[in-house]
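A.B. asks: This is the structure I have questions about; it appears just below.
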Amino acid sequence: MAPSIARRRFLGAALGLGACSAAGWSLAKPAVVNACRVAIPASLIDSPWLGKVWEGIDPAQLWDCHVHVAGLGDGGSGIVVGPQLSSMLHPLHYAQRLFYMNAGCAHDAPGKVDAAYVARLLNLCEAMPAGFKVMLFAFESFHDQAGKAHAEHTAFHVPNAWAAKLAHDFPERFEWVASIHPYRAGAADDLRGAIAGGARAVKWLPAAMGMDPASAQCDAFYRVLAESGTPLIVHCGEEKAVKGSDTQAFGNPLRLRRALDAGVKVVVAHCASLGEDIDLDKGANGPQRSSFELFLRLFGEARGKERLYGDISAITQRNRKPALIRTLLEREDLHERLLHGSDYPLPGILPLTSLRALVKADLLPAGAVADLDAIRQHNPLFFDFALKRLLTWQGHSFSPVVFQTRRAFAGNRA
């Protein structure tokens with residue numbers, strides 16, 4: 001089936017489900033719940049703020065490099081939601097899942113949640129200029145040191161096959177990112193297969209998946225990544241959204257030195273912008289430093305000059321410090337190695353980002369708030385991109401090169 005025909009049928013069958021799924025939340029305050037609106041208001045078409053965000057940007061070079069696939073596994077996707085997100089025995093994580101699904105406009109469509117989530121994401125992409133794409137993350141299960149999967153420690157699992165299928169069915173808007181645990185039997189061969197199947201990168205979340213990037217168990221995996229030029233996207237710093245076992249320390253940015261020394265191109269998700277880690281340069285029991293500080297140290301090392309990147313997803317969320325954003329804006333010498341990512345569906349969770357707090361921190365023009373607020377409920381992907389394009393600090397803003405993300409991921413195949 002031609003991609004355009006497949007897209008129209010998929011949207012026609014499922015988009016309404018995602019949009020209507022907010023009905024169960026309609027009595028809640030709009031400041032908390034995403035209304036899942038579709039058509040962008042005509043009043044925003046001539047917005048001077050939104051109009052300027054595309055200046056100097058080639059949409060064909062803009063691949064949102066941090067987009068999550070979600071669902072319940074009700075549409076043949078193979079997605080599995082673990083007990084920490086599906087059981088009321090874990091009320092905080094259970095509530096987080098409801099917010100995630102609302103943000104993706106698919107939280108209440110029985111039997112059609114997987115389809116509704118994808119249809120909403122396709123709709124958001126269709127509202128962007130031709131050439132714009134999102135990179136869809138598969139998500140590996142937690143594995144122990146012996147390479148055995150543990151369902152009880154797995155928050156959720158998104159199979160590689162599902163992410164690959166979506167990218168195959170809708171190639172004009174989707175690319176896909178594999179997620180493979182390096183400890184499991186046959187991991188290197190599975191990686192070769194994923195690359196042959198079009199994977200643009202590999203995604204790890206060590207704190208939730210249980211791999212130590214500094215372990216020799218990763219070496220065979222690293223060799224395949226380096227030989228193929230396939231980037232490794234790694235979440236570093238504190239992990240709030242999901243948890244695995246007692247493996248939070250695996251998210252220390254300094255543990256990526258082994259991958260860099262092996263010749264792997266590494267992307268640090270969120271620029272390690274949350275939490276603290278041990279300063280391993282002071283020993284295994286060294287002092288705690290901010291993960292972001294350790295990330296910047298790694299960024300400055302010779303081993304990272306050609307191979308280390310950071311994605312700027314989530315940096316505008318409430319739990320990030322304004323000083324961190326100011327540093328990234330000011331350090332224009334780093335912009336060649338920064339990459340735009342949205343962390344979708346999180347931009348659709350309204351309480352996570354406070355535009356007024358960013359104004360108060362002198363990081364956002366006050367005049368832009370009303371239009372950004374309006375666009376957020378219609379298109380969180382565009383909202384996140386526009387917000388980051390409008391960030392400013394003492395004359396500094398993110399260079400257009402930060403949004404030319406395709407350059408970091410298209411090298412391993414045409």
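Following the order of the structure tokens, chains are lettered A, B, ..., residues in each are numbered from 1, and ligands are numbered from 1.
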Mind checking DSSP for range 351-389 of chain A and telling me the alpha helix (DSSP H) residues as a list in words?

C.D. replies: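 Residues meeting the alpha helix (DSSP H) criterion: Leu355, Arg356, Ala357, Leu358, Val359, Lys360, Val369, Ala370, Asp371, Leu372, Asp373, Ala374, Ile375, Arg376, Pro380, Leu381, Phe382, Phe383, Asp384, Phe385, Ala386, Leu387, Lys388 and Arg389 of chain A.
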
A.B. asks: Skipping near chain neighbours, those fewer than 6 positions away, what residues fall within 12 Å of Ala410 in chain A using only C-alpha atoms, listed as a list in words?

C.D. replies: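 Skipping anything fewer than 6 positions along the chain leaves Ala60, Gln61, Leu62, Trp63, Cys65, Met135, Glu175, Trp176, Ile195, Gly198, Ala199, Arg200, Ala201, Ser228, Gly229, Thr230, Pro231 and Gln404 of chain A.
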
A.B. asks: Mind the document's chain letters and residue numbers, and return as a PyMOL selection string the residues of range 254-387 of chain A that DSSP labels strand (DSSP E or B).

C.D. replies: chain A and resi 266-269+276-278+288-290+308-311+338-339+344

A.B. asks: Next, the residues of the selection above should be written as a PDB file, in the first residue's frame with N, CA and C atoms.

C.D. replies:
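Everything below was put into part.pdb:
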```pdb
ATOM      1  N   VAL A 266      27.826   8.943  20.369  1.00  0.00           N
ATOM      2  CA  VAL A 266      26.927   8.881  21.517  1.00  0.00           C
ATOM      3  C   VAL A 266      26.125  10.176  21.626  1.00  0.00           C
ATOM      4  N   VAL A 267      24.825  10.044  21.846  1.00  0.00           N
ATOM      5  CA  VAL A 267      23.943  11.179  22.107  1.00  0.00           C
ATOM      6  C   VAL A 267      23.440  11.062  23.538  1.00  0.00           C
ATOM      7  N   VAL A 268      23.757  12.046  24.376  1.00  0.00           N
ATOM      8  CA  VAL A 268      23.284  12.049  25.755  1.00  0.00           C
ATOM      9  C   VAL A 268      21.902  12.703  25.799  1.00  0.00           C
ATOM     10  N   ALA A 269      20.898  11.906  26.106  1.00  0.00           N
ATOM     11  CA  ALA A 269      19.535  12.416  26.148  1.00  0.00           C
ATOM     12  C   ALA A 269      19.374  13.456  27.245  1.00  0.00           C
ATOM     13  N   GLU A 276      22.056  14.095  40.182  1.00  0.00           N
ATOM     14  CA  GLU A 276      23.481  14.094  40.507  1.00  0.00           C
ATOM     15  C   GLU A 276      24.048  12.684  40.340  1.00  0.00           C
ATOM     16  N   ASP A 277      25.354  12.638  40.100  1.00  0.00           N
ATOM     17  CA  ASP A 277      26.060  11.366  39.996  1.00  0.00           C
ATOM     18  C   ASP A 277      27.405  11.496  40.694  1.00  0.00           C
ATOM     19  N   ILE A 278      28.011  10.362  40.986  1.00  0.00           N
ATOM     20  CA  ILE A 278      29.335  10.355  41.608  1.00  0.00           C
ATOM     21  C   ILE A 278      30.378  10.849  40.608  1.00  0.00           C
ATOM     22  N   GLN A 288      29.394  13.779  45.064  1.00  0.00           N
ATOM     23  CA  GLN A 288      28.296  13.934  44.113  1.00  0.00           C
ATOM     24  C   GLN A 288      28.451  15.255  43.360  1.00  0.00           C
ATOM     25  N   ARG A 289      28.249  15.195  42.057  1.00  0.00           N
ATOM     26  CA  ARG A 289      28.228  16.386  41.215  1.00  0.00           C
ATOM     27  C   ARG A 289      26.942  16.356  40.388  1.00  0.00           C
ATOM     28  N   SER A 290      26.531  17.510  39.920  1.00  0.00           N
ATOM     29  CA  SER A 290      25.359  17.503  39.045  1.00  0.00           C
ATOM     30  C   SER A 290      25.690  16.699  37.790  1.00  0.00           C
ATOM     31  N   LEU A 308      30.596  12.945  20.526  1.00  0.00           N
ATOM     32  CA  LEU A 308      29.627  13.139  21.607  1.00  0.00           C
ATOM     33  C   LEU A 308      28.667  14.266  21.289  1.00  0.00           C
ATOM     34  N   TYR A 309      27.361  13.968  21.433  1.00  0.00           N
ATOM     35  CA  TYR A 309      26.292  14.929  21.220  1.00  0.00           C
ATOM     36  C   TYR A 309      25.397  14.965  22.463  1.00  0.00           C
ATOM     37  N   GLY A 310      24.556  15.975  22.539  1.00  0.00           N
ATOM     38  CA  GLY A 310      23.531  16.030  23.574  1.00  0.00           C
ATOM     39  C   GLY A 310      22.217  16.435  22.948  1.00  0.00           C
ATOM     40  N   ASP A 311      21.130  15.771  23.320  1.00  0.00           N
ATOM     41  CA  ASP A 311      19.834  16.252  22.821  1.00  0.00           C
ATOM     42  C   ASP A 311      19.194  17.152  23.878  1.00  0.00           C
ATOM     43  N   LEU A 338      24.689  19.885  19.672  1.00  0.00           N
ATOM     44  CA  LEU A 338      23.387  19.791  20.328  1.00  0.00           C
ATOM     45  C   LEU A 338      22.330  19.456  19.279  1.00  0.00           C
ATOM     46  N   LEU A 339      21.333  18.664  19.683  1.00  0.00           N
ATOM     47  CA  LEU A 339      20.322  18.162  18.766  1.00  0.00           C
ATOM     48  C   LEU A 339      18.925  18.357  19.349  1.00  0.00           C
ATOM     49  N   TYR A 344       8.452  13.788  23.215  1.00  0.00           N
ATOM     50  CA  TYR A 344       7.019  13.539  23.066  1.00  0.00           C
ATOM     51  C   TYR A 344       6.668  12.154  23.611  1.00  0.00           C
TER      52      TYR A 344
END
```

A.B. asks: If we count only C-alpha atoms, what is near Gly304 in chain A at a cut-off of 9 Å, once residues fewer than 5 positions away on the same chain are taken out, given as a ChimeraX atom specification?

C.D. replies: /A:257,260-261,265-266,298-299,309

A.B. asks: Could you check which of A:Ala284, A:Ala178, A:Ala151, A:Val402 is closest to Ala249 in chain A, using only C-alpha atoms?

C.D. replies: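 Counting only C-alpha atoms, the residue closest to Ala249 in chain A is A:Ala284.
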
A.B. asks: Given the choices A:Asn285, A:Gly275, A:Glu330, A:Pro400, which gets closest to Glu239 in chain A if the distance is worked out from only C-alpha atoms?

C.D. replies: A:Gly275

A.B. asks: Leaving out range 137-140 of chain A and any residue of its chain fewer than 2 positions from it, which residues lie within 7 Å of it when counting only C-alpha atoms, given as a PyMOL selection string?

C.D. replies: chain A and resi 67-69+135+142+157-160+163+176-181+203+209

A.B. asks: Could you take the residues named above and write them with C-alpha atoms, as a short mmCIF file (atom, residue, chain, number, x, y, z; two decimals), in the first residue's frame?

C.D. replies:
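The file below, out-v2.cif, is the result:
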```
data_model
loop_
_atom_site.label_atom_id
_atom_site.label_comp_id
_atom_site.auth_asym_id
_atom_site.auth_seq_id
_atom_site.Cartn_x
_atom_site.Cartn_y
_atom_site.Cartn_z
CA VAL A 67 9.94 10.61 20.46
CA HIS A 68 8.38 7.79 22.48
CA VAL A 69 5.95 5.17 21.24
CA MET A 135 12.39 9.31 15.37
CA PHE A 142 15.08 -4.73 32.04
CA HIS A 157 8.40 -2.70 26.60
CA VAL A 158 8.04 -1.44 23.04
CA PRO A 159 9.30 -4.05 20.56
CA ASN A 160 11.69 -3.12 17.79
CA ALA A 163 8.71 0.84 15.79
CA TRP A 176 12.82 4.42 14.01
CA VAL A 177 15.32 3.79 16.80
CA ALA A 178 16.02 0.27 18.03
CA SER A 179 16.43 -0.68 21.68
CA ILE A 180 18.58 -3.76 22.36
CA HIS A 181 20.11 -4.86 25.65
CA LYS A 203 18.18 3.87 22.56
CA MET A 209 17.00 -1.35 31.47
#
```

A.B. asks: Looking at A:Gly82, A:Gly147, A:Pro365, A:Gly73, which one is nearest to Leu387 in chain A, with distances taken over only C-alpha atoms?

C.D. replies: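 Looking at the shortest contact to Leu387 in chain A, the residue is A:Pro365.
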